[in-house]
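Remarks on the structure that follows.
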Amino acid sequence: MVVIPTETVYGLACDALNKDAVKRVFDIKGRPADNPLIVHISDISQLESLAVEIPDEAGKAAERFWPGPLTLVLRKQQCVPPETTGGLDSVAIRIPRHPVALAVLRESGLALAAPSANRFTELSPTSVEDLNPAILEAADLVLDGGPCEVGVESTVLDMNQSPPRILRPGGVTAQDLKDCGIEALSAEDSSQRRSPGQYERHYAPKTRIVLVEKLREQDAGLCLSPPASGQQIQMPADVTQYQSMLYHALHQLDHANLEVIYIERPPVTAEWAAVHDRLRKASSPPS
Ligand code: TXA
Ligand code: MG
């Protein structure tokens, strides 16, 4: 079990086809068994050994966005154990683009199941310094690949429905998909039922989060305008830069013994969908 850097967040990786290894990952994360893992591969030629009935559109998306932050949900091959897919007959697959992740995949010759290397519902780590000590302790090896470039998890796109549906907004936007001819439904468009592994509270620091229009002078948190004190972190106005800093900034504030972390609401436009999704889940009260 190896902590690996990816371009999105750090992952806790193991052999995706080994159910005992997969069970250990669920244990260490404290993750419910019905929350499916993402299987990582290094080459598109591995796809057919893991998935069946691959729609043309999936091939098109893979060609365009792999390696990169897009995960495709497809029908699974028999060889993928139910432990990996949370009992579903589908499997989520992506090729990450971090050179260290790709090297581990190639050298091991395995398909690697790698959930984010955080405990269930906690913030994902985007640098080794932000890893939970329990994860550090439990992992057999930790590979430090520096800070993650994208900073939020991959976009999960369900290819088992037509049109495909974004189950989790992430590093690839709906517009990016549209630009390559894929008109995907967004998570909100259609999800009466919650998709597997998408919980209301998620990606959350220990400190309570409150979303506001504007920080007051005395508030600690994330702002978009120039900070009024040392407890305010100014976030970039550019969405990709904002995403790449978000989790690390929240980890930092989470260590500052605050009562509340206030966060200025970013612009409500489609390209900010992944940020709004994470902020909404992080600020949702514990159940
Ligand atoms: O960016 C990422 O995707 C990171 C890095 C490490 O690659 N991994 C990641 O994995 O975010 P994880 O386990 O934290 O999130 C996986 C999510 C599940 O919670 C679920 O929402 C979705 O992917 N998923 C996985 N398999 C699925 C399936 N068969 N059907 C629907 N959704 C699935
Ligand atoms: Mg996760």
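In the structure tokens, chains take letters A, B, ... by order of appearance, with residues numbered from 1 within each chain and ligands from 1 in the order shown.
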Please find the residues contacting ligand 1 at a distance of at most 6 Å between atoms, with only C-alpha atoms and all ligand atoms counted, and report them as a ChimeraX atom specification. /A:8-11,35-38,73,85,88,90-92,114-116,153-154,196-198
Sorted by chain and rising residue number, which residues of stretch 95-144 of chain A lie within 12 Å of stretch 13-27 of chain A, and what are their closest atom pairs and distances in Å to one decimal, counting only C-alpha atoms, as JSON lines?
{"residue": "A:Ala101", "atom": "CA", "partner": "A:Ala13", "partner_atom": "CA", "distance": 9.5}
{"residue": "A:Val104", "atom": "CA", "partner": "A:Ala13", "partner_atom": "CA", "distance": 9.7}
{"residue": "A:Leu105", "atom": "CA", "partner": "A:Ala13", "partner_atom": "CA", "distance": 9.9}
{"residue": "A:Ser108", "atom": "CA", "partner": "A:Asp15", "partner_atom": "CA", "distance": 9.1}
{"residue": "A:Gly109", "atom": "CA", "partner": "A:Asp15", "partner_atom": "CA", "distance": 9.7}
{"residue": "A:Leu110", "atom": "CA", "partner": "A:Asp15", "partner_atom": "CA", "distance": 6.2}
{"residue": "A:Ala111", "atom": "CA", "partner": "A:Ala16", "partner_atom": "CA", "distance": 5.6}
{"residue": "A:Leu112", "atom": "CA", "partner": "A:Ala16", "partner_atom": "CA", "distance": 4.8}
{"residue": "A:Ala113", "atom": "CA", "partner": "A:Ala16", "partner_atom": "CA", "distance": 4.4}
{"residue": "A:Ala114", "atom": "CA", "partner": "A:Ala13", "partner_atom": "CA", "distance": 4.2}
{"residue": "A:Pro115", "atom": "CA", "partner": "A:Ala13", "partner_atom": "CA", "distance": 7.1}
{"residue": "A:Ser116", "atom": "CA", "partner": "A:Ala13", "partner_atom": "CA", "distance": 8.8}
{"residue": "A:Ala117", "atom": "CA", "partner": "A:Ala13", "partner_atom": "CA", "distance": 8.4}
{"residue": "A:Asn118", "atom": "CA", "partner": "A:Val25", "partner_atom": "CA", "distance": 10.6}
{"residue": "A:Arg119", "atom": "CA", "partner": "A:Phe26", "partner_atom": "CA", "distance": 9.4}
{"residue": "A:Phe120", "atom": "CA", "partner": "A:Phe26", "partner_atom": "CA", "distance": 9.0}
{"residue": "A:Ala134", "atom": "CA", "partner": "A:Asp27", "partner_atom": "CA", "distance": 11.4}
{"residue": "A:Ile135", "atom": "CA", "partner": "A:Val25", "partner_atom": "CA", "distance": 9.8}
{"residue": "A:Ala138", "atom": "CA", "partner": "A:Val25", "partner_atom": "CA", "distance": 9.5}
{"residue": "A:Ala139", "atom": "CA", "partner": "A:Ala13", "partner_atom": "CA", "distance": 9.2}
{"residue": "A:Asp140", "atom": "CA", "partner": "A:Ala13", "partner_atom": "CA", "distance": 10.2}
{"residue": "A:Leu141", "atom": "CA", "partner": "A:Ala13", "partner_atom": "CA", "distance": 10.0}
{"residue": "A:Val142", "atom": "CA", "partner": "A:Ala13", "partner_atom": "CA", "distance": 10.1}
{"residue": "A:Leu143", "atom": "CA", "partner": "A:Ala13", "partner_atom": "CA", "distance": 10.8}
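With distances taken over only C-alpha atoms and all ligand atoms, A:Glu122 is the one residue among A:Asp277, A:Glu48, A:Glu122, A:Asp130 lying closest to ligand 2.
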Could you tell me, as JSON, numbers by chain, which residues of stretch 55-215 of chain A DSSP assigns to helix (DSSP H, G or I) when given the backbone? {"A": [56, 57, 58, 59, 60, 61, 62, 63, 64, 65, 82, 83, 84, 85, 99, 100, 101, 102, 103, 104, 105, 106, 107, 108, 128, 129, 130, 133, 134, 135, 136, 137, 138, 174, 175, 176, 177, 178, 179, 187, 188, 189, 190]}
For ligand 2, which of A:Ala33, A:Leu123, A:Cys180, A:Ala103 is the closest residue, counting only C-alpha atoms and all ligand atoms?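 Going through A:Ala33, A:Leu123, A:Cys180, A:Ala103 one by one, the smallest distance to ligand 2 is for A:Leu123.
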Determine, counting only C-alpha atoms, which protein, DNA and RNA residues have an atom within 8 Å of an atom of A:Arg265; residues of the same chain fewer than 3 positions away are not included. Present the result as a count of residues only. 4
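Minimum distance to A:Leu167 across A:Gln232, A:Arg106, A:Thr126, A:Thr155 (counting only C-alpha atoms) occurs at A:Thr155.
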A:Val128, A:Ala61, A:Val152, A:Leu279: which is nearest ligand 2, counting only C-alpha atoms and all ligand atoms?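 That would be A:Val152, the residue with the smallest distance to ligand 2.
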Please provide the set of residues having any atom within 12 Å of stretch 251-260 of chain A, restricted to only C-alpha atoms, with same-chain residues fewer than 5 positions apart removed, written as a PyMOL selection string. chain A and resi 118+122-132+203-212+215+218-222+230-233+245-246+283
Next, write the just-selected residues to a file, as a tab-separated table (two decimals), in the first residue's frame, keeping N, CA, C and O atoms as the atom set.
chain	number	residue	atom	x	y	z
A	118	ASN	N	-6.85	10.35	2.29
A	118	ASN	CA	-7.36	10.98	3.51
A	118	ASN	C	-8.24	9.97	4.24
A	118	ASN	O	-8.62	8.95	3.67
A	122	GLU	N	-12.69	13.44	5.50
A	122	GLU	CA	-11.72	14.52	5.76
A	122	GLU	C	-11.20	15.14	4.47
A	122	GLU	O	-11.48	14.67	3.37
A	123	LEU	N	-10.42	16.19	4.65
A	123	LEU	CA	-9.82	16.89	3.50
A	123	LEU	C	-8.82	16.00	2.79
A	123	LEU	O	-8.01	15.33	3.43
A	124	SER	N	-8.80	16.05	1.47
A	124	SER	CA	-7.79	15.30	0.72
A	124	SER	C	-6.45	16.02	0.81
A	124	SER	O	-6.40	17.24	0.86
A	125	PRO	N	-5.36	15.25	0.85
A	125	PRO	CA	-4.03	15.88	0.88
A	125	PRO	C	-3.53	16.22	-0.53
A	125	PRO	O	-3.65	15.42	-1.45
A	126	THR	N	-2.98	17.42	-0.67
A	126	THR	CA	-2.36	17.80	-1.95
A	126	THR	C	-0.86	18.00	-1.78
A	126	THR	O	-0.19	18.49	-2.67
A	127	SER	N	-0.35	17.62	-0.59
A	127	SER	CA	1.10	17.57	-0.39
A	127	SER	C	1.35	16.57	0.73
A	127	SER	O	0.43	16.25	1.50
A	128	VAL	N	2.59	16.05	0.80
A	128	VAL	CA	2.90	15.03	1.81
A	128	VAL	C	2.74	15.61	3.22
A	128	VAL	O	2.30	14.93	4.14
A	129	GLU	N	3.03	16.90	3.38
A	129	GLU	CA	2.91	17.49	4.72
A	129	GLU	C	1.45	17.52	5.21
A	129	GLU	O	1.21	17.63	6.41
A	130	ASP	N	0.50	17.43	4.32
A	130	ASP	CA	-0.92	17.46	4.72
A	130	ASP	C	-1.51	16.06	4.94
A	130	ASP	O	-2.71	15.92	5.16
A	131	LEU	N	-0.67	15.02	4.86
A	131	LEU	CA	-1.18	13.67	5.10
A	131	LEU	C	-1.53	13.47	6.56
A	131	LEU	O	-0.77	13.87	7.45
A	132	ASN	N	-2.67	12.83	6.82
A	132	ASN	CA	-3.05	12.46	8.18
A	132	ASN	C	-1.99	11.48	8.73
A	132	ASN	O	-1.62	10.52	8.06
A	203	TYR	N	-14.80	16.08	2.31
A	203	TYR	CA	-13.74	17.05	2.05
A	203	TYR	C	-13.68	18.12	3.14
A	203	TYR	O	-13.46	19.30	2.86
A	204	ALA	N	-13.93	17.71	4.39
A	204	ALA	CA	-14.13	18.72	5.43
A	204	ALA	C	-12.96	18.79	6.41
A	204	ALA	O	-12.49	17.77	6.89
A	205	PRO	N	-12.52	20.01	6.73
A	205	PRO	CA	-11.57	20.16	7.82
A	205	PRO	C	-12.29	19.92	9.15
A	205	PRO	O	-13.52	19.81	9.17
A	206	LYS	N	-11.53	19.85	10.25
A	206	LYS	CA	-12.17	19.63	11.56
A	206	LYS	C	-12.88	20.90	12.01
A	206	LYS	O	-13.90	20.85	12.68
A	207	THR	N	-12.33	22.03	11.63
A	207	THR	CA	-12.90	23.32	12.01
A	207	THR	C	-14.16	23.58	11.17
A	207	THR	O	-14.20	23.24	9.99
A	208	ARG	N	-15.16	24.20	11.82
A	208	ARG	CA	-16.41	24.50	11.11
A	208	ARG	C	-16.15	25.52	9.99
A	208	ARG	O	-15.37	26.46	10.17
A	209	ILE	N	-16.81	25.31	8.86
A	209	ILE	CA	-16.66	26.23	7.73
A	209	ILE	C	-17.95	27.00	7.51
A	209	ILE	O	-19.03	26.42	7.54
A	210	VAL	N	-17.82	28.31	7.31
A	210	VAL	CA	-18.99	29.13	7.02
A	210	VAL	C	-18.70	29.93	5.75
A	210	VAL	O	-17.66	30.59	5.65
A	211	LEU	N	-19.61	29.82	4.78
A	211	LEU	CA	-19.44	30.56	3.53
A	211	LEU	C	-20.07	31.94	3.67
A	211	LEU	O	-21.19	32.06	4.18
A	212	VAL	N	-19.36	32.97	3.24
A	212	VAL	CA	-19.86	34.35	3.36
A	212	VAL	C	-19.58	35.10	2.07
A	212	VAL	O	-18.77	34.67	1.24
A	215	LEU	N	-15.34	38.55	3.97
A	215	LEU	CA	-14.79	38.40	5.31
A	215	LEU	C	-14.83	39.74	6.03
A	215	LEU	O	-14.59	40.79	5.42
A	218	GLN	N	-12.19	40.85	11.43
A	218	GLN	CA	-11.80	39.92	12.51
A	218	GLN	C	-11.89	38.45	12.09
A	218	GLN	O	-11.49	37.57	12.85
A	219	ASP	N	-12.41	38.16	10.90
A	219	ASP	CA	-12.60	36.76	10.50
A	219	ASP	C	-11.29	36.11	10.01
A	219	ASP	O	-10.50	36.76	9.32
A	220	ALA	N	-11.13	34.84	10.35
A	220	ALA	CA	-10.04	34.06	9.78
A	220	ALA	C	-10.61	33.25	8.63
A	220	ALA	O	-11.72	32.74	8.73
A	221	GLY	N	-9.86	33.14	7.55
A	221	GLY	CA	-10.37	32.32	6.45
A	221	GLY	C	-9.77	32.65	5.11
A	221	GLY	O	-8.66	33.16	5.01
A	222	LEU	N	-10.53	32.30	4.09
A	222	LEU	CA	-10.07	32.48	2.71
A	222	LEU	C	-10.81	33.64	2.07
A	222	LEU	O	-12.05	33.66	2.07
A	230	GLY	N	-3.30	38.58	9.28
A	230	GLY	CA	-2.46	37.41	9.04
A	230	GLY	C	-3.26	36.11	9.05
A	230	GLY	O	-2.75	35.06	8.67
A	231	GLN	N	-4.51	36.17	9.52
A	231	GLN	CA	-5.34	34.96	9.56
A	231	GLN	C	-6.23	34.83	8.33
A	231	GLN	O	-7.10	33.97	8.27
A	232	GLN	N	-6.03	35.73	7.39
A	232	GLN	CA	-6.80	35.64	6.14
A	232	GLN	C	-5.84	35.27	5.00
A	232	GLN	O	-4.79	35.86	4.87
A	233	ILE	N	-6.21	34.26	4.25
A	233	ILE	CA	-5.38	33.82	3.13
A	233	ILE	C	-6.06	34.30	1.85
A	233	ILE	O	-7.22	33.97	1.59
A	245	MET	N	-4.70	25.54	-4.81
A	245	MET	CA	-4.32	25.98	-3.45
A	245	MET	C	-5.31	25.59	-2.38
A	245	MET	O	-4.98	25.62	-1.19
A	246	LEU	N	-6.55	25.26	-2.78
A	246	LEU	CA	-7.66	25.19	-1.83
A	246	LEU	C	-7.41	24.26	-0.64
A	246	LEU	O	-7.49	24.68	0.52
A	283	SER	N	-18.76	22.50	4.14
A	283	SER	CA	-19.47	23.33	5.11
A	283	SER	C	-20.77	22.69	5.57
A	283	SER	O	-21.50	23.25	6.38
To test your reading of the structure, identify every residue in stretch 70-143 of chain A that backbone DSSP assigns to strand (DSSP E), and report it as a list in words.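 Filtering stretch 70-143 of chain A down to strand (DSSP E) leaves Leu70, Thr71, Leu72, Val73, Leu74, Arg75, Lys76, Ser90, Val91, Ala92, Ile93, Arg94, Leu112, Ala113, Leu141 and Val142 of chain A.
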Restricting the calculation to only C-alpha atoms: of A:Trp272, A:Phe65, A:Tyr199, A:Tyr262, which residue gets closest to A:Ala237?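 Using only C-alpha atoms, the shortest distance to A:Ala237 belongs to A:Trp272.
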Mind checking which residues fall within 6 Å of A:Met159, counting only C-alpha atoms, ignoring those fewer than 2 positions away in the same chain, and posting them as JSON, numbers by chain? {"A": [73, 74, 161, 164]}
Distance in Å - atom CA of A:Leu72 versus atom CA of A:Leu136: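 According to the coordinates, atom CA of A:Leu72 and atom CA of A:Leu136 are separated by 28.8 Å.
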Closest to ligand 2 among A:Arg165, A:His248, A:Arg278, A:Arg94, using only C-alpha atoms and all ligand atoms? A:Arg278
Counting only C-alpha atoms, what is within 9 Å of A:Pro236, bar same-chain residues fewer than 6 positions away, as an MDAnalysis selection string? chainID A and resid 223:224 242:243 245
Please indicate the distance in Å from atom CA of A:Leu50 to atom CA of A:Met1, rounded to one decimal place.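 A separation of 20.6 Å between them.
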Measure the distance from atom CA of A:Ala174 to atom CA of A:Ile93 in Å and round it to one decimal.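 Calculated distance between atom CA of A:Ala174 and atom CA of A:Ile93 is 18.3 Å.
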I'd like the neighbourhood of A:Glu183 as a PDB file with N, CA, C and O atoms, in the first residue's frame, where a residue qualifies if any of its atoms comes within 7 Å (using only C-alpha atoms), though same-chain residues fewer than 4 positions away should be ignored.
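Written output follows (out.pdb):
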ATOM      1  N   PRO A 163     -27.422  11.000 -22.358  1.00  0.00           N
ATOM      2  CA  PRO A 163     -26.041  11.463 -22.378  1.00  0.00           C
ATOM      3  C   PRO A 163     -25.310  11.137 -21.071  1.00  0.00           C
ATOM      4  O   PRO A 163     -25.959  10.917 -20.051  1.00  0.00           O
ATOM      5  N   LEU A 177     -15.548  19.254 -21.686  1.00  0.00           N
ATOM      6  CA  LEU A 177     -16.161  18.089 -22.325  1.00  0.00           C
ATOM      7  C   LEU A 177     -16.924  18.511 -23.577  1.00  0.00           C
ATOM      8  O   LEU A 177     -16.841  17.875 -24.625  1.00  0.00           O
ATOM      9  N   LYS A 178     -17.644  19.616 -23.445  1.00  0.00           N
ATOM     10  CA  LYS A 178     -18.428  20.137 -24.570  1.00  0.00           C
ATOM     11  C   LYS A 178     -17.505  20.465 -25.741  1.00  0.00           C
ATOM     12  O   LYS A 178     -17.818  20.178 -26.900  1.00  0.00           O
TER      13      LYS A 178
END
